[in-house]
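Structure file run.cif; described as mmCIF, C-alpha atoms.
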data_protein
#
loop_
_atom_site.label_atom_id
_atom_site.label_comp_id
_atom_site.auth_asym_id
_atom_site.auth_seq_id
_atom_site.Cartn_x
_atom_site.Cartn_y
_atom_site.Cartn_z
CA MET L 1 21.54 37.45 -16.02
CA ARG L 2 17.91 38.05 -15.17
CA SER L 3 17.16 40.84 -12.76
CA GLY L 4 16.57 39.77 -9.18
CA ARG L 5 18.14 36.29 -9.26
CA PRO L 6 21.16 34.54 -10.73
CA PRO L 7 20.81 32.14 -13.66
CA PRO L 8 20.57 28.41 -12.91
CA PRO L 9 23.85 26.48 -12.66
CA ARG L 10 25.27 25.46 -16.02
CA ASP L 11 25.84 21.88 -14.88
CA ASP L 12 22.17 21.42 -13.96
CA PRO L 13 20.42 19.69 -16.90
CA CYS L 14 17.04 20.02 -15.18
CA ALA L 15 17.24 23.76 -14.61
CA GLU L 16 14.52 25.84 -16.26
CA PRO L 17 15.84 29.33 -17.10
CA GLY L 18 13.25 32.03 -16.52
CA THR L 19 11.15 29.90 -14.16
CA SER L 20 10.26 31.75 -10.98
CA ILE L 21 11.06 30.13 -7.67
CA SER L 22 8.44 29.84 -4.93
CA PRO L 23 8.89 32.63 -2.36
CA HIS L 24 9.02 29.95 0.31
CA TRP L 25 11.78 27.99 -1.38
CA ASP L 26 14.84 27.54 0.83
CA PRO L 27 18.09 27.97 -1.09
CA PRO L 28 20.88 25.48 -0.51
CA PRO L 29 23.10 26.26 2.47
CA SER L 30 26.13 28.38 1.69
CA SER L 31 28.48 26.21 3.70
CA ASP L 32 30.41 23.39 2.11
CA ALA L 33 28.77 20.79 4.33
CA PRO L 34 25.89 19.12 2.44
CA PRO L 35 22.48 19.23 4.15
CA SER L 36 21.12 16.07 5.68
CA ALA L 37 18.75 13.79 3.76
CA SER L 38 15.82 14.73 6.00
CA VAL L 39 16.39 18.44 5.35
CA LEU L 40 16.48 17.81 1.61
CA ARG L 41 13.27 15.78 1.75
CA ARG L 42 11.48 18.56 3.61
CA ARG L 43 12.67 21.17 1.12
CA THR L 44 11.59 19.06 -1.84
CA ALA L 45 8.17 18.34 -0.36
CA ARG L 46 7.58 22.01 0.48
CA THR L 47 8.62 23.18 -2.98
CA LEU L 48 6.37 20.65 -4.70
CA ALA L 49 3.48 21.33 -2.31
CA GLN L 50 3.62 25.02 -3.15
CA GLY L 51 3.36 24.32 -6.87
CA GLY L 52 7.05 24.24 -7.73
CA SER L 53 8.40 22.13 -10.55
CA THR L 54 10.72 19.16 -10.32
CA ALA L 55 13.59 21.36 -11.53
CA GLN L 56 12.94 23.88 -8.78
CA ALA L 57 12.85 21.13 -6.22
CA ARG L 58 16.14 19.83 -7.52
CA ARG L 59 17.72 23.19 -6.87
CA ALA L 60 17.08 22.48 -3.20
CA GLY L 61 19.90 19.97 -3.51
CA ARG L 62 18.30 16.63 -4.46
CA SER L 63 18.92 14.48 -7.51
CA ARG L 64 16.49 14.54 -10.42
CA CYS L 65 15.39 10.92 -9.88
CA ALA L 66 14.67 11.57 -6.21
CA CYS L 67 12.69 14.72 -7.06
CA VAL L 68 10.62 12.98 -9.73
CA ALA L 69 9.85 10.04 -7.44
CA GLN L 70 8.81 12.28 -4.58
CA GLU L 71 6.76 14.52 -6.88
CA LYS L 72 4.78 11.52 -8.15
CA SER L 73 4.23 10.30 -4.61
CA LEU L 74 3.02 13.67 -3.39
CA ARG L 75 0.81 14.45 -6.40
CA ALA L 76 -0.86 11.04 -6.06
CA GLN L 77 -1.96 11.97 -2.54
CA TRP L 78 -3.76 15.16 -3.61
CA ALA L 79 -7.16 15.12 -5.25
CA PRO L 80 -8.13 17.85 -7.73
CA GLY L 81 -9.51 20.83 -5.86
CA CYS L 82 -7.89 19.97 -2.53
CA GLU L 83 -5.86 22.60 -0.74
CA ARG L 84 -2.15 22.24 -1.24
CA GLY L 85 -0.59 20.29 1.58
CA LYS L 86 -3.80 18.49 2.52
CA MET L 87 -3.99 14.78 1.85
CA ALA L 88 -7.01 13.61 -0.14
CA GLU L 89 -9.11 10.73 1.06
CA PRO L 90 -9.15 7.69 -1.24
CA VAL L 91 -12.06 8.13 -3.63
CA SER L 92 -13.98 5.03 -4.69
CA LYS L 93 -17.67 4.92 -5.53
CA SER L 94 -19.74 2.19 -7.11
CA VAL L 95 -23.08 1.81 -8.83
CA LEU L 96 -24.99 -1.20 -10.13
CA PHE L 97 -27.82 -0.72 -12.64
CA VAL L 98 -30.54 -3.39 -12.46
CA CYS L 99 -33.50 -4.32 -14.66
CA LEU L 100 -35.80 -7.24 -15.44
CA GLY L 101 -38.42 -7.88 -18.07
CA GLU L 102 -41.99 -8.92 -17.32
CA PRO L 103 -42.03 -11.64 -14.65
CA THR L 104 -43.43 -15.01 -15.68
CA GLY L 105 -43.39 -16.65 -12.27
CA SER L 106 -41.57 -16.54 -8.94
CA SER L 107 -38.85 -18.41 -7.12
CA PRO L 108 -39.27 -18.85 -3.34
CA ILE L 109 -35.57 -19.65 -3.02
CA LEU L 110 -34.20 -16.49 -4.63
CA ALA L 111 -37.29 -14.38 -3.98
CA PHE L 112 -36.81 -13.08 -7.53
CA PRO L 113 -39.28 -13.27 -10.41
CA LYS L 114 -38.20 -15.43 -13.31
CA GLY L 115 -37.80 -13.73 -16.66
CA ARG L 116 -35.30 -12.17 -18.99
CA GLY L 117 -33.14 -9.33 -17.76
CA ASN L 118 -29.93 -7.30 -18.08
CA ILE L 119 -30.12 -7.12 -21.87
CA CYS L 120 -32.12 -3.91 -22.46
CA ARG L 121 -32.42 -1.10 -19.93
CA SER L 122 -29.65 -1.76 -17.40
CA PRO L 123 -26.81 -2.28 -19.91
CA ILE L 124 -27.88 0.93 -21.65
CA ALA L 125 -27.74 2.78 -18.32
CA GLU L 126 -24.35 1.22 -17.57
CA ALA L 127 -22.92 2.24 -20.96
CA VAL L 128 -24.30 5.78 -20.67
CA PHE L 129 -22.88 6.25 -17.18
CA ARG L 130 -19.48 4.92 -18.23
CA LYS L 131 -19.40 7.46 -21.04
CA LEU L 132 -20.28 10.29 -18.66
CA VAL L 133 -17.58 9.47 -16.10
CA THR L 134 -15.03 8.98 -18.88
CA GLU L 135 -15.82 12.42 -20.31
CA GLN L 136 -15.28 13.95 -16.87
CA ASN L 137 -12.05 11.99 -16.25
CA LEU L 138 -13.64 10.17 -13.31
CA SER L 139 -13.25 6.60 -14.55
CA ASP L 140 -10.72 5.74 -11.84
CA ASP L 141 -13.17 6.91 -9.17
CA TRP L 142 -16.05 4.66 -10.15
CA ARG L 143 -16.85 0.96 -10.27
CA ILE L 144 -19.77 0.48 -12.68
CA ASP L 145 -21.76 -2.63 -13.61
CA SER L 146 -25.26 -3.86 -14.40
CA ALA L 147 -27.21 -7.00 -13.60
CA ALA L 148 -30.67 -8.58 -13.52
CA THR L 149 -32.83 -10.01 -10.79
CA SER L 150 -33.29 -13.17 -12.89
CA THR L 151 -31.10 -15.91 -14.35
CA TYR L 152 -32.82 -16.19 -17.73
CA GLU L 153 -30.39 -14.17 -19.88
CA ILE L 154 -27.13 -14.92 -18.05
CA GLY L 155 -24.20 -14.93 -20.47
CA ASN L 156 -26.11 -13.20 -23.28
CA PRO L 157 -25.11 -9.89 -24.92
CA PRO L 158 -27.39 -6.83 -24.82
CA ASP L 159 -30.41 -6.76 -27.14
CA TYR L 160 -29.29 -5.95 -30.69
CA ARG L 161 -31.66 -2.96 -30.82
CA GLY L 162 -29.99 -1.52 -27.74
CA GLN L 163 -26.59 -2.10 -29.31
CA ASN L 164 -27.72 -0.30 -32.47
CA CYS L 165 -28.93 2.61 -30.39
CA MET L 166 -25.64 2.88 -28.51
CA ARG L 167 -23.66 2.58 -31.72
CA LYS L 168 -25.67 5.44 -33.20
CA HIS L 169 -24.66 7.62 -30.26
CA GLY L 170 -21.02 6.51 -30.34
CA ILE L 171 -21.17 4.67 -27.02
CA PRO L 172 -19.44 1.29 -26.63
CA MET L 173 -21.44 -1.54 -25.07
CA THR L 174 -19.71 -4.81 -24.24
CA HIS L 175 -21.71 -6.10 -21.27
CA VAL L 176 -22.55 -9.78 -20.70
CA ALA L 177 -25.76 -10.39 -18.74
CA ARG L 178 -25.48 -11.59 -15.17
CA GLN L 179 -27.64 -11.92 -12.07
CA VAL L 180 -27.47 -9.80 -8.94
CA THR L 181 -25.50 -11.54 -6.18
CA LYS L 182 -25.41 -11.23 -2.40
CA GLU L 183 -22.00 -9.60 -2.70
CA ASP L 184 -23.48 -6.83 -4.83
CA PHE L 185 -25.59 -5.63 -1.91
CA ALA L 186 -22.53 -5.57 0.35
CA THR L 187 -20.05 -3.97 -2.07
CA PHE L 188 -21.95 -1.45 -4.21
CA ASP L 189 -22.77 2.01 -2.85
CA TYR L 190 -25.80 2.40 -5.11
CA ILE L 191 -28.14 -0.05 -6.81
CA LEU L 192 -30.32 1.83 -9.29
CA CYS L 193 -33.25 0.00 -10.86
CA MET L 194 -35.70 0.74 -13.64
CA ASP L 195 -39.22 0.21 -12.28
CA GLU L 196 -41.22 -0.50 -9.14
CA SER L 197 -41.16 -4.26 -9.69
CA ASN L 198 -37.35 -4.18 -9.69
CA LEU L 199 -37.41 -2.01 -6.59
CA ARG L 200 -39.62 -4.45 -4.67
CA ASP L 201 -37.49 -7.43 -5.68
CA LEU L 202 -34.27 -5.73 -4.67
CA ASN L 203 -35.61 -4.48 -1.35
CA ARG L 204 -36.91 -7.95 -0.53
CA LYS L 205 -33.55 -9.49 -1.37
CA SER L 206 -31.60 -6.86 0.57
CA ASN L 207 -33.54 -7.80 3.71
CA GLN L 208 -31.84 -11.19 3.52
CA ILE L 209 -28.37 -9.61 3.49
CA LYS L 210 -26.92 -8.83 6.91
CA ASN L 211 -24.23 -6.45 5.71
CA CYS L 212 -26.15 -4.67 2.95
CA LYS L 213 -24.68 -1.20 2.37
CA ALA L 214 -26.20 -0.37 -1.02
CA LYS L 215 -28.67 2.46 -1.35
CA ILE L 216 -31.44 1.03 -3.53
CA GLU L 217 -33.33 3.55 -5.65
CA LEU L 218 -35.17 4.03 -8.90
CA LEU L 219 -32.86 5.49 -11.52
CA GLY L 220 -35.85 7.56 -12.67
CA SER L 221 -35.91 9.33 -9.30
CA TYR L 222 -33.03 11.43 -10.67
CA ASP L 223 -34.86 12.39 -13.86
CA PRO L 224 -35.19 16.20 -14.07
CA GLN L 225 -38.28 15.60 -16.24
CA LYS L 226 -39.85 13.55 -13.42
CA GLN L 227 -40.38 10.37 -15.46
CA LEU L 228 -39.99 7.95 -12.57
CA ILE L 229 -40.27 4.68 -14.50
CA ILE L 230 -37.99 3.59 -17.34
CA GLU L 231 -40.24 1.29 -19.32
CA ASP L 232 -39.04 -2.03 -20.75
CA PRO L 233 -38.54 -1.61 -24.52
CA TYR L 234 -38.28 -5.34 -25.25
CA TYR L 235 -41.70 -5.60 -26.94
CA GLY L 236 -41.29 -2.24 -28.65
CA ASN L 237 -39.22 -0.97 -31.54
CA GLU L 238 -36.11 1.12 -32.17
CA SER L 239 -37.81 4.31 -31.00
CA ASP L 240 -38.57 2.72 -27.61
CA PHE L 241 -34.87 1.97 -27.14
CA GLU L 242 -34.09 5.56 -28.07
CA THR L 243 -36.55 6.72 -25.39
CA VAL L 244 -34.77 4.52 -22.82
CA TYR L 245 -31.42 5.97 -23.91
CA GLN L 246 -32.61 9.57 -23.54
CA GLN L 247 -34.06 8.84 -20.08
CA CYS L 248 -30.80 7.18 -19.00
CA VAL L 249 -28.75 10.17 -20.18
CA ARG L 250 -30.86 12.59 -18.13
CA CYS L 251 -30.96 10.39 -15.05
CA CYS L 252 -27.30 9.34 -15.11
CA ARG L 253 -26.12 12.91 -15.56
CA ALA L 254 -28.21 14.08 -12.61
CA PHE L 255 -27.12 11.11 -10.49
CA LEU L 256 -23.44 11.75 -11.20
CA GLU L 257 -23.83 15.40 -10.26
CA LYS L 258 -25.40 14.47 -6.95
CA ALA L 259 -23.05 11.59 -6.16
CA CYS L 260 -19.96 13.72 -6.73
#

Spit out the file's structure as structure tokens when you get a sec.
Amino acid sequence: MRSGRPPPPRDDPCAEPGTSISPHWDPPPSSDAPPSASVLRRRTARTLAQGGSTAQARRAGRSRCACVAQEKSLRAQWAPGCERGKMAEPVSKSVLFVCLGEPTGSSPILAFPKGRGNICRSPIAEAVFRKLVTEQNLSDDWRIDSAATSTYEIGNPPDYRGQNCMRKHGIPMTHVARQVTKEDFATFDYILCMDESNLRDLNRKSNQIKNCKAKIELLGSYDPQKQLIIEDPYYGNESDFETVYQQCVRCCRAFLEKAC
């Protein structure tokens, strides 16, 4: 017998010998009458809230299945870093990365320049940001995508040079090019673009959306090295794609720090 407390009951398969009980844990009543279900629920919740284990909670008189179920329910309501006993607000953030190559004309209907897009810079930024949130175990907290302000490359994979660059850095890239939609402005928290032309196009389009909630910014505005514009590498070579990658790493890391 350990000093200070009796050993756990022999018929309790969930008991953990040697595990200390929370000082606020209420022992089962000494009378033969079993406690009510509401009393047991309160004891279980308090034990779990104060960091107790499922086995400790079970000693309050509840079955193992009931303890495990309630533990999962309670833990799911607490975010990391929150005070015990305080419910966490649902966390859901979203970011859309947008780019476009050199415009070759304009469309009065869409108010977007025509040209290629969403095959070079924005899918690189998307892939980099996905990797960062995955490394920090924040994947469930973020909705991440990329798009273009044109229709030219819809359905196409990222540029092969960008894919080679991502492969070299061990980052998966599976995006299929798409165009920005009206819903994007209403559902994304952030729309981060690559250059001033993108920024003008997006701001003009957002003025046509009544319920626009997205904060539209240059991704380069987060660059600690103050390189505001992420240049289009399409007419360049492998080293230009590497430059884009390095810029995206710096900017995405700084953006994630600020957004969290």

Practice problem: Just the residues within 12 Å of L:Arg121, please, counting all atoms listed in the file, with nothing from its chain fewer than 3 positions along; format it as a PyMOL selection string. | Solution: chain L and resi 97-101+116-118+124-128+146-148+158-159+161-163+165-166+175+177+192-195+198+219-220+229-234+240-249

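Proximity ranking of L:Val95, L:Ala186, L:Cys251, L:Ile191 relative to L:Lys210 places L:Ala186 first, based on all atoms listed in the file.
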
Self-check item: Shortest interatomic distance to L:Gly236 - which of L:Ser206, L:Cys120, L:Asp189, L:Arg130, counting only C-alpha atoms
Solution: L:Cys120

Practice problem: To verify the selection step, state as a PyMOL selection string which residues the PyMOL selection byres ((chain L and resi 143) around 12) yields on this input. | Solution: chain L and resi 91-97+126+129-130+133-134+138-142+144-146+184+187-191

Quiz item: Quick one: of L:Leu199, L:Val176, L:Ile209, L:Leu256, who's nearest to L:Glu135, counting only C-alpha atoms?
Solution: L:Leu256

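The spacing separating atom CA of L:Pro123 from atom CA of L:Arg204 amounts to 22.6 Å.
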